[in-house]
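Okay, coords.cif now, which holds mmCIF, C-alpha atoms and all ligand atoms:
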```cif
data_query
loop_
_atom_site.label_atom_id
_atom_site.label_comp_id
_atom_site.auth_asym_id
_atom_site.auth_seq_id
_atom_site.Cartn_x
_atom_site.Cartn_y
_atom_site.Cartn_z
CA MET X 6 -21.75 1.85 -49.05
CA GLN X 7 -22.33 -1.87 -49.01
CA SER X 8 -22.37 -4.16 -46.04
CA ILE X 9 -23.50 -7.66 -45.22
CA VAL X 10 -26.46 -8.69 -43.05
CA SER X 11 -26.01 -11.88 -41.11
CA ASP X 12 -28.52 -13.98 -39.16
CA THR X 13 -28.12 -14.87 -35.47
CA VAL X 14 -25.82 -17.81 -36.14
CA GLY X 15 -23.60 -15.69 -38.29
CA SER X 16 -24.36 -16.89 -41.82
CA VAL X 17 -24.82 -14.33 -44.60
CA VAL X 18 -28.47 -13.65 -45.50
CA SER X 19 -28.31 -11.03 -48.21
CA ASP X 20 -26.35 -8.13 -49.58
CA VAL X 21 -28.05 -4.78 -48.97
CA THR X 22 -26.87 -1.24 -48.72
CA ASN X 23 -26.59 0.92 -45.60
CA VAL X 24 -27.33 -1.78 -43.04
CA ILE X 25 -25.18 -1.76 -39.94
CA VAL X 26 -24.43 -5.21 -38.68
CA PRO X 27 -23.53 -5.41 -34.99
CA VAL X 28 -20.25 -7.22 -34.78
CA PRO X 29 -19.60 -8.77 -31.34
CA ARG X 30 -16.62 -7.03 -29.81
CA LYS X 31 -13.67 -9.17 -28.87
CA PRO X 32 -13.06 -8.84 -25.13
CA LEU X 33 -9.96 -6.75 -24.46
CA SER X 34 -6.97 -8.28 -22.77
CA LYS X 35 -6.13 -6.85 -19.32
CA ARG X 36 -3.08 -5.10 -20.74
CA ALA X 37 -5.00 -3.51 -23.61
CA ALA X 38 -7.78 -2.41 -21.25
CA PHE X 39 -5.22 -0.84 -18.92
CA LEU X 40 -3.48 0.94 -21.81
CA MET X 41 -6.80 2.34 -23.03
CA PHE X 42 -7.64 3.49 -19.50
CA ALA X 43 -4.21 5.13 -19.14
CA LYS X 44 -4.63 6.84 -22.52
CA ARG X 45 -8.03 8.20 -21.51
CA ILE X 46 -6.64 9.52 -18.22
CA LEU X 47 -3.68 11.10 -20.06
CA TYR X 48 -6.00 12.89 -22.51
CA LYS X 49 -8.13 14.11 -19.61
CA LEU X 50 -5.04 15.37 -17.82
CA ILE X 51 -3.76 17.18 -20.93
CA ASN X 52 -7.19 18.71 -21.44
CA PHE X 53 -7.30 19.76 -17.78
CA LEU X 54 -3.83 21.36 -18.00
CA LYS X 55 -4.80 23.20 -21.20
CA THR X 56 -8.13 24.53 -20.00
CA THR X 57 -7.31 25.38 -16.40
CA ASN X 58 -6.80 28.96 -15.34
CA TRP X 59 -3.37 28.77 -13.71
CA LYS X 60 -3.56 32.37 -12.50
CA SER X 61 -6.26 31.45 -10.01
CA ALA X 62 -5.18 30.71 -6.43
CA LYS X 63 -8.00 28.17 -6.11
CA THR X 64 -6.44 26.03 -8.86
CA TRP X 65 -3.11 25.95 -7.06
CA ILE X 66 -4.72 25.07 -3.72
CA VAL X 67 -6.78 22.24 -5.23
CA SER X 68 -3.74 20.98 -7.19
CA ALA X 69 -1.63 20.99 -4.01
CA MET X 70 -4.34 19.04 -2.18
CA ILE X 71 -4.58 16.46 -4.99
CA ALA X 72 -0.77 16.13 -5.16
CA ARG X 73 -0.61 15.64 -1.39
CA ALA X 74 -3.37 12.99 -1.47
CA LEU X 75 -1.54 11.15 -4.28
CA TYR X 76 1.75 11.32 -2.38
CA VAL X 77 0.14 9.92 0.79
CA ALA X 78 -1.59 7.15 -1.19
CA MET X 79 1.70 6.26 -2.93
CA ASN X 80 3.47 6.03 0.39
CA GLU X 81 0.66 4.01 1.90
CA TYR X 82 0.68 1.40 -0.88
CA GLY X 83 4.47 1.36 -1.37
CA TRP X 84 4.42 2.98 -4.84
CA ASN X 85 6.84 5.77 -3.96
CA PRO X 86 10.01 4.94 -5.93
CA PHE X 87 12.08 7.35 -3.81
CA LYS X 88 11.18 5.70 -0.52
CA LYS X 89 13.06 2.78 0.92
CA ILE X 90 11.19 -0.50 0.68
CA PHE X 91 11.35 -2.43 3.94
CA LYS X 92 9.94 -5.68 2.59
CA ASP X 93 11.92 -8.69 3.88
CA ASP X 94 14.18 -6.44 5.98
CA HIS X 95 14.91 -7.68 9.48
CA VAL X 96 13.88 -5.18 12.14
CA PHE X 97 14.92 -5.20 15.78
CA LEU X 98 12.48 -3.26 17.98
CA THR X 99 12.75 -2.51 21.68
CA GLY X 100 9.79 -1.62 23.89
CA ALA X 101 7.44 -3.41 21.49
CA GLY X 102 5.19 -4.60 24.34
CA GLY X 103 2.92 -1.59 23.98
CA GLY X 104 2.47 2.01 22.92
CA ILE X 105 4.59 3.36 20.08
CA GLY X 106 6.70 0.17 19.90
CA ARG X 107 3.63 -1.99 19.26
CA LEU X 108 2.29 0.41 16.63
CA VAL X 109 5.63 0.49 14.84
CA ALA X 110 5.73 -3.32 14.93
CA ILE X 111 2.29 -3.49 13.30
CA ARG X 112 3.26 -0.98 10.64
CA LEU X 113 6.57 -2.66 9.78
CA GLY X 114 4.95 -6.12 9.91
CA LYS X 115 2.38 -4.99 7.35
CA MET X 116 5.23 -3.72 5.17
CA GLY X 117 6.55 -7.28 5.09
CA CYS X 118 9.44 -6.98 7.56
CA LYS X 119 10.75 -9.82 9.66
CA LEU X 120 10.34 -8.71 13.26
CA SER X 121 12.54 -9.29 16.28
CA LEU X 122 10.57 -7.73 19.11
CA SER X 123 11.85 -7.16 22.59
CA ASP X 124 10.50 -5.69 25.80
CA ILE X 125 11.07 -5.86 29.53
CA ASN X 126 7.54 -7.22 29.92
CA MET X 127 7.13 -10.66 28.26
CA ALA X 128 3.35 -10.82 28.86
CA ALA X 129 2.87 -7.53 26.99
CA LEU X 130 5.11 -8.83 24.22
CA GLU X 131 2.99 -12.00 23.88
CA GLU X 132 -0.02 -9.71 23.54
CA THR X 133 1.75 -7.72 20.80
CA LYS X 134 2.49 -10.97 18.95
CA GLN X 135 -1.19 -11.95 19.11
CA VAL X 136 -2.22 -8.51 17.86
CA LEU X 137 0.24 -8.86 14.95
CA ILE X 138 -1.10 -12.31 14.05
CA ASN X 139 -4.66 -10.96 14.16
CA GLU X 140 -3.53 -8.22 11.78
CA GLY X 141 -2.50 -10.91 9.29
CA ILE X 142 1.25 -10.90 9.87
CA PRO X 143 2.65 -14.46 9.69
CA ALA X 144 3.73 -15.87 13.05
CA ALA X 145 6.89 -17.24 11.40
CA SER X 146 8.21 -13.71 10.85
CA ILE X 147 7.74 -12.65 14.49
CA ASN X 148 10.42 -13.41 17.03
CA ILE X 149 9.94 -12.21 20.62
CA PHE X 150 12.32 -12.12 23.57
CA THR X 151 12.91 -10.13 26.74
CA CYS X 152 15.48 -7.37 26.79
CA ASP X 153 16.00 -4.65 29.38
CA VAL X 154 17.55 -1.73 27.52
CA SER X 155 18.73 -0.21 30.81
CA LYS X 156 21.14 -3.17 31.29
CA ARG X 157 24.13 -3.56 28.98
CA VAL X 158 24.36 -7.31 29.59
CA SER X 159 20.71 -7.78 28.58
CA ILE X 160 21.30 -5.90 25.30
CA THR X 161 24.39 -8.00 24.57
CA GLU X 162 22.43 -11.19 25.22
CA ALA X 163 19.61 -10.02 22.94
CA ALA X 164 22.07 -9.21 20.16
CA LEU X 165 23.53 -12.73 20.19
N1 LIG X 201 3.50 8.48 23.65
C1 LIG X 201 3.95 9.66 23.29
O1 LIG X 201 3.20 10.57 22.85
C2 LIG X 201 5.42 9.98 23.35
C3 LIG X 201 5.90 11.20 22.89
C4 LIG X 201 7.27 11.45 22.90
C5 LIG X 201 8.14 10.52 23.40
N2 LIG X 201 7.66 9.35 23.89
C6 LIG X 201 8.63 8.39 24.41
O2 LIG X 201 8.63 7.22 23.57
C7 LIG X 201 8.86 6.07 24.38
C8 LIG X 201 7.72 5.07 24.18
O3 LIG X 201 6.48 5.69 24.47
P1 LIG X 201 5.14 4.88 24.60
O4 LIG X 201 4.04 5.84 24.69
O5 LIG X 201 5.08 3.83 23.54
O6 LIG X 201 5.35 4.19 26.04
P2 LIG X 201 4.69 2.88 26.66
O7 LIG X 201 4.88 2.97 28.12
O8 LIG X 201 3.29 2.70 26.15
O9 LIG X 201 5.54 1.70 26.07
C9 LIG X 201 6.87 1.55 26.43
C10 LIG X 201 7.23 0.08 26.33
O10 LIG X 201 8.60 -0.04 26.68
C11 LIG X 201 8.76 -1.10 27.61
N3 LIG X 201 9.91 -0.83 28.47
C12 LIG X 201 9.95 -0.01 29.54
N4 LIG X 201 11.18 -0.05 30.08
C13 LIG X 201 11.92 -0.89 29.33
C14 LIG X 201 13.26 -1.34 29.40
N5 LIG X 201 14.09 -0.95 30.35
N6 LIG X 201 13.68 -2.20 28.47
C15 LIG X 201 12.87 -2.61 27.49
N7 LIG X 201 11.58 -2.22 27.37
C16 LIG X 201 11.11 -1.37 28.30
C17 LIG X 201 7.48 -1.14 28.38
O11 LIG X 201 7.27 -2.45 28.93
C18 LIG X 201 6.44 -0.80 27.29
O12 LIG X 201 5.98 -1.95 26.64
C19 LIG X 201 8.97 6.55 25.80
O13 LIG X 201 10.35 6.68 26.11
C20 LIG X 201 8.29 7.90 25.78
O14 LIG X 201 8.79 8.72 26.79
C21 LIG X 201 6.33 9.06 23.85
#
```

Conversion result in structure tokens:
Amino acid sequence: MQSIVSDTVGSVVSDVTNVIVPVPRKPLSKRAAFLMFAKRILYKLINFLKTTNWKSAKTWIVSAMIARALYVAMNEYGWNPFKKIFKDDHVFLTGAGGGIGRLVAIRLGKMGCKLSLSDINMAALEETKQVLINEGIPAASINIFTCDVSKRVSITEAAL
């Protein structure tokens, strides 16, 4: 086999046999790197499926745990294609001054919803707004107003 030896600046020095010349590797593009990574994972998965003893209960339990963890992660990061995406939806929440209402407001705000928050207690609602802003939800997408859900007239006013 014949190969070429080059000096540090890349010019050819001599022709000799059986000398391996380190060729600087071209950096991979992000897409190519991702495809290579995906290919490696796929091979590993195929190998795992081939070599695993599927008659063992332990395998099924571990697989169920991994599947569950993946499902939760997908839901958490919005990668579940079967789940409704709330981004940019407008949400009207009552009782958002505290408790469950405030937690739901934080959750939906982080999902990218526009929030119309109501409560009987305006001071508590102001606090919720501050909490949401501290959580990184833009103030422009939070609208707060009082509404007493025990009074029909108050609900009608809030809806207008
Ligand atoms: N916390 C729980 O574990 C739990 C479990 C099951 C059901 N619930 C029910 O869920 C609801 C909310 O629970 P929570 O723990 O978030 O309560 P919470 O008391 O912490 O919060 C309720 C919020 O609703 C507001 N509110 C009260 N009366 C109102 C009215 N007439 N109009 C508008 N807003 C009003 C309050 O100001 C408060 O901000 C309650 O009805 C509760 O009974 C709670």

Self-check item: Point-to-point distance in Å for atom CA of Met127 of chain X and atom O13 of ligand LIG 201 (chain X)
Solution: 17.8 Å

Quiz item: Hey, what's within 12 Å of segment 66-80 of chain X if we count all atoms listed in the file and toss same-chain stuff fewer than 5 positions away? As a ChimeraX atom specification, please?
Solution: /X:53-54,57-61,85-90,116

Quiz item: How would you write, as a PyMOL selection string, the set of residues no farther than 12 Å from ligand LIG 201 (chain X) when counting all atoms listed in the file?
Solution: chain X and resi 98-110+122-133+150-160+163

Quiz item: Separation of atom CA of Arg30 of chain X and atom CA of Leu47 of chain X, in Å?
Solution: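 Computing the Euclidean distance for atom CA of Arg30 of chain X and atom CA of Leu47 of chain X yields 24.3 Å.
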
Practice problem: Using atom CA of Ile111 of chain X and atom CA of Glu162 of chain X as the two end points, give the distance in Å to one decimal. | Solution: 24.6 Å

Quiz item: Skipping near chain neighbours, those fewer than 6 positions away, what residues fall within 7 Å of segment 136-146 of chain X using all atoms listed in the file, listed as a list of chain:residue names?
Solution: X:Ile111, X:Gly114, X:Lys115, X:Lys119, X:Leu120

Next, dump the selected residues to file, keeping only C-alpha atoms, as a compact mmCIF listing (two decimals), in the frame of the given file.
```
# COMPACT_ATOMS: atom_id res chain seq x y z
CA ILE X 111 2.29 -3.49 13.30
CA GLY X 114 4.95 -6.12 9.91
CA LYS X 115 2.38 -4.99 7.35
CA LYS X 119 10.75 -9.82 9.66
CA LEU X 120 10.34 -8.71 13.26
```

Quiz item: Looking at only C-alpha atoms, which of X:Ile149, X:Val96, X:Leu40, X:Ala62 is the one that sits closest to Cys118 of chain X?
Solution: X:Val96

Using the atoms already present, construct N, CA and C atoms for segment 47-79 of chain X and hand them back as a PDB file, keeping the file's coordinate frame.
```pdb
ATOM      1  N   LEU X  47      -4.699  10.160 -19.555  1.00  0.00           N
ATOM      2  CA  LEU X  47      -3.680  11.100 -20.060  1.00  0.00           C
ATOM      3  C   LEU X  47      -4.339  12.233 -20.855  1.00  0.00           C
ATOM      4  N   TYR X  48      -5.285  11.869 -21.727  1.00  0.00           N
ATOM      5  CA  TYR X  48      -6.000  12.890 -22.510  1.00  0.00           C
ATOM      6  C   TYR X  48      -6.742  13.849 -21.588  1.00  0.00           C
ATOM      7  N   LYS X  49      -7.375  13.266 -20.547  1.00  0.00           N
ATOM      8  CA  LYS X  49      -8.130  14.110 -19.610  1.00  0.00           C
ATOM      9  C   LYS X  49      -7.190  15.075 -18.910  1.00  0.00           C
ATOM     10  N   LEU X  50      -6.023  14.548 -18.536  1.00  0.00           N
ATOM     11  CA  LEU X  50      -5.040  15.370 -17.820  1.00  0.00           C
ATOM     12  C   LEU X  50      -4.538  16.500 -18.721  1.00  0.00           C
ATOM     13  N   ILE X  51      -4.236  16.162 -19.988  1.00  0.00           N
ATOM     14  CA  ILE X  51      -3.760  17.180 -20.930  1.00  0.00           C
ATOM     15  C   ILE X  51      -4.832  18.251 -21.125  1.00  0.00           C
ATOM     16  N   ASN X  52      -6.070  17.787 -21.262  1.00  0.00           N
ATOM     17  CA  ASN X  52      -7.190  18.710 -21.440  1.00  0.00           C
ATOM     18  C   ASN X  52      -7.335  19.620 -20.214  1.00  0.00           C
ATOM     19  N   PHE X  53      -7.193  19.000 -19.033  1.00  0.00           N
ATOM     20  CA  PHE X  53      -7.300  19.760 -17.780  1.00  0.00           C
ATOM     21  C   PHE X  53      -6.196  20.838 -17.710  1.00  0.00           C
ATOM     22  N   LEU X  54      -4.961  20.411 -18.064  1.00  0.00           N
ATOM     23  CA  LEU X  54      -3.830  21.360 -18.000  1.00  0.00           C
ATOM     24  C   LEU X  54      -4.014  22.505 -18.996  1.00  0.00           C
ATOM     25  N   LYS X  55      -4.618  22.177 -20.157  1.00  0.00           N
ATOM     26  CA  LYS X  55      -4.800  23.200 -21.200  1.00  0.00           C
ATOM     27  C   LYS X  55      -5.887  24.202 -20.805  1.00  0.00           C
ATOM     28  N   THR X  56      -6.953  23.682 -20.207  1.00  0.00           N
ATOM     29  CA  THR X  56      -8.130  24.530 -20.000  1.00  0.00           C
ATOM     30  C   THR X  56      -8.149  25.234 -18.632  1.00  0.00           C
ATOM     31  N   THR X  57      -7.266  24.799 -17.738  1.00  0.00           N
ATOM     32  CA  THR X  57      -7.310  25.380 -16.400  1.00  0.00           C
ATOM     33  C   THR X  57      -6.719  26.791 -16.355  1.00  0.00           C
ATOM     34  N   ASN X  58      -7.320  27.605 -15.531  1.00  0.00           N
ATOM     35  CA  ASN X  58      -6.800  28.960 -15.340  1.00  0.00           C
ATOM     36  C   ASN X  58      -5.727  28.922 -14.244  1.00  0.00           C
ATOM     37  N   TRP X  59      -4.472  28.923 -14.655  1.00  0.00           N
ATOM     38  CA  TRP X  59      -3.370  28.770 -13.710  1.00  0.00           C
ATOM     39  C   TRP X  59      -3.042  30.054 -12.953  1.00  0.00           C
ATOM     40  N   LYS X  60      -3.791  31.127 -13.253  1.00  0.00           N
ATOM     41  CA  LYS X  60      -3.560  32.370 -12.500  1.00  0.00           C
ATOM     42  C   LYS X  60      -4.411  32.414 -11.254  1.00  0.00           C
ATOM     43  N   SER X  61      -5.355  31.459 -11.170  1.00  0.00           N
ATOM     44  CA  SER X  61      -6.260  31.450 -10.010  1.00  0.00           C
ATOM     45  C   SER X  61      -5.617  30.732  -8.823  1.00  0.00           C
ATOM     46  N   ALA X  62      -5.743  31.315  -7.641  1.00  0.00           N
ATOM     47  CA  ALA X  62      -5.180  30.710  -6.430  1.00  0.00           C
ATOM     48  C   ALA X  62      -5.891  29.407  -6.099  1.00  0.00           C
ATOM     49  N   LYS X  63      -7.187  29.364  -6.398  1.00  0.00           N
ATOM     50  CA  LYS X  63      -8.000  28.170  -6.110  1.00  0.00           C
ATOM     51  C   LYS X  63      -7.424  26.938  -6.828  1.00  0.00           C
ATOM     52  N   THR X  64      -7.008  27.139  -8.078  1.00  0.00           N
ATOM     53  CA  THR X  64      -6.440  26.030  -8.860  1.00  0.00           C
ATOM     54  C   THR X  64      -5.200  25.471  -8.168  1.00  0.00           C
ATOM     55  N   TRP X  65      -4.352  26.386  -7.705  1.00  0.00           N
ATOM     56  CA  TRP X  65      -3.110  25.950  -7.060  1.00  0.00           C
ATOM     57  C   TRP X  65      -3.387  25.226  -5.756  1.00  0.00           C
ATOM     58  N   ILE X  66      -4.380  25.718  -5.004  1.00  0.00           N
ATOM     59  CA  ILE X  66      -4.720  25.070  -3.720  1.00  0.00           C
ATOM     60  C   ILE X  66      -5.273  23.671  -3.970  1.00  0.00           C
ATOM     61  N   VAL X  67      -6.193  23.563  -4.926  1.00  0.00           N
ATOM     62  CA  VAL X  67      -6.780  22.240  -5.230  1.00  0.00           C
ATOM     63  C   VAL X  67      -5.706  21.301  -5.764  1.00  0.00           C
ATOM     64  N   SER X  68      -4.822  21.817  -6.637  1.00  0.00           N
ATOM     65  CA  SER X  68      -3.740  20.980  -7.190  1.00  0.00           C
ATOM     66  C   SER X  68      -2.821  20.482  -6.076  1.00  0.00           C
ATOM     67  N   ALA X  69      -2.500  21.376  -5.127  1.00  0.00           N
ATOM     68  CA  ALA X  69      -1.630  20.990  -4.010  1.00  0.00           C
ATOM     69  C   ALA X  69      -2.301  19.906  -3.172  1.00  0.00           C
ATOM     70  N   MET X  70      -3.622  20.041  -2.973  1.00  0.00           N
ATOM     71  CA  MET X  70      -4.340  19.040  -2.180  1.00  0.00           C
ATOM     72  C   MET X  70      -4.346  17.686  -2.896  1.00  0.00           C
ATOM     73  N   ILE X  71      -4.565  17.717  -4.224  1.00  0.00           N
ATOM     74  CA  ILE X  71      -4.580  16.460  -4.990  1.00  0.00           C
ATOM     75  C   ILE X  71      -3.183  15.816  -4.974  1.00  0.00           C
ATOM     76  N   ALA X  72      -2.145  16.645  -5.153  1.00  0.00           N
ATOM     77  CA  ALA X  72      -0.770  16.130  -5.160  1.00  0.00           C
ATOM     78  C   ALA X  72      -0.434  15.498  -3.807  1.00  0.00           C
ATOM     79  N   ARG X  73      -0.867  16.146  -2.745  1.00  0.00           N
ATOM     80  CA  ARG X  73      -0.610  15.640  -1.390  1.00  0.00           C
ATOM     81  C   ARG X  73      -1.323  14.293  -1.178  1.00  0.00           C
ATOM     82  N   ALA X  74      -2.598  14.229  -1.630  1.00  0.00           N
ATOM     83  CA  ALA X  74      -3.370  12.990  -1.470  1.00  0.00           C
ATOM     84  C   ALA X  74      -2.707  11.858  -2.251  1.00  0.00           C
ATOM     85  N   LEU X  75      -2.220  12.170  -3.474  1.00  0.00           N
ATOM     86  CA  LEU X  75      -1.540  11.150  -4.280  1.00  0.00           C
ATOM     87  C   LEU X  75      -0.261  10.676  -3.607  1.00  0.00           C
ATOM     88  N   TYR X  76       0.480  11.638  -3.042  1.00  0.00           N
ATOM     89  CA  TYR X  76       1.750  11.320  -2.380  1.00  0.00           C
ATOM     90  C   TYR X  76       1.500  10.396  -1.170  1.00  0.00           C
ATOM     91  N   VAL X  77       0.460  10.734  -0.393  1.00  0.00           N
ATOM     92  CA  VAL X  77       0.140   9.920   0.790  1.00  0.00           C
ATOM     93  C   VAL X  77      -0.285   8.518   0.353  1.00  0.00           C
ATOM     94  N   ALA X  78      -1.129   8.454  -0.696  1.00  0.00           N
ATOM     95  CA  ALA X  78      -1.590   7.150  -1.190  1.00  0.00           C
ATOM     96  C   ALA X  78      -0.412   6.320  -1.699  1.00  0.00           C
ATOM     97  N   MET X  79       0.521   6.975  -2.416  1.00  0.00           N
ATOM     98  CA  MET X  79       1.700   6.260  -2.930  1.00  0.00           C
ATOM     99  C   MET X  79       2.533   5.696  -1.794  1.00  0.00           C
TER     100      MET X  79
END
```
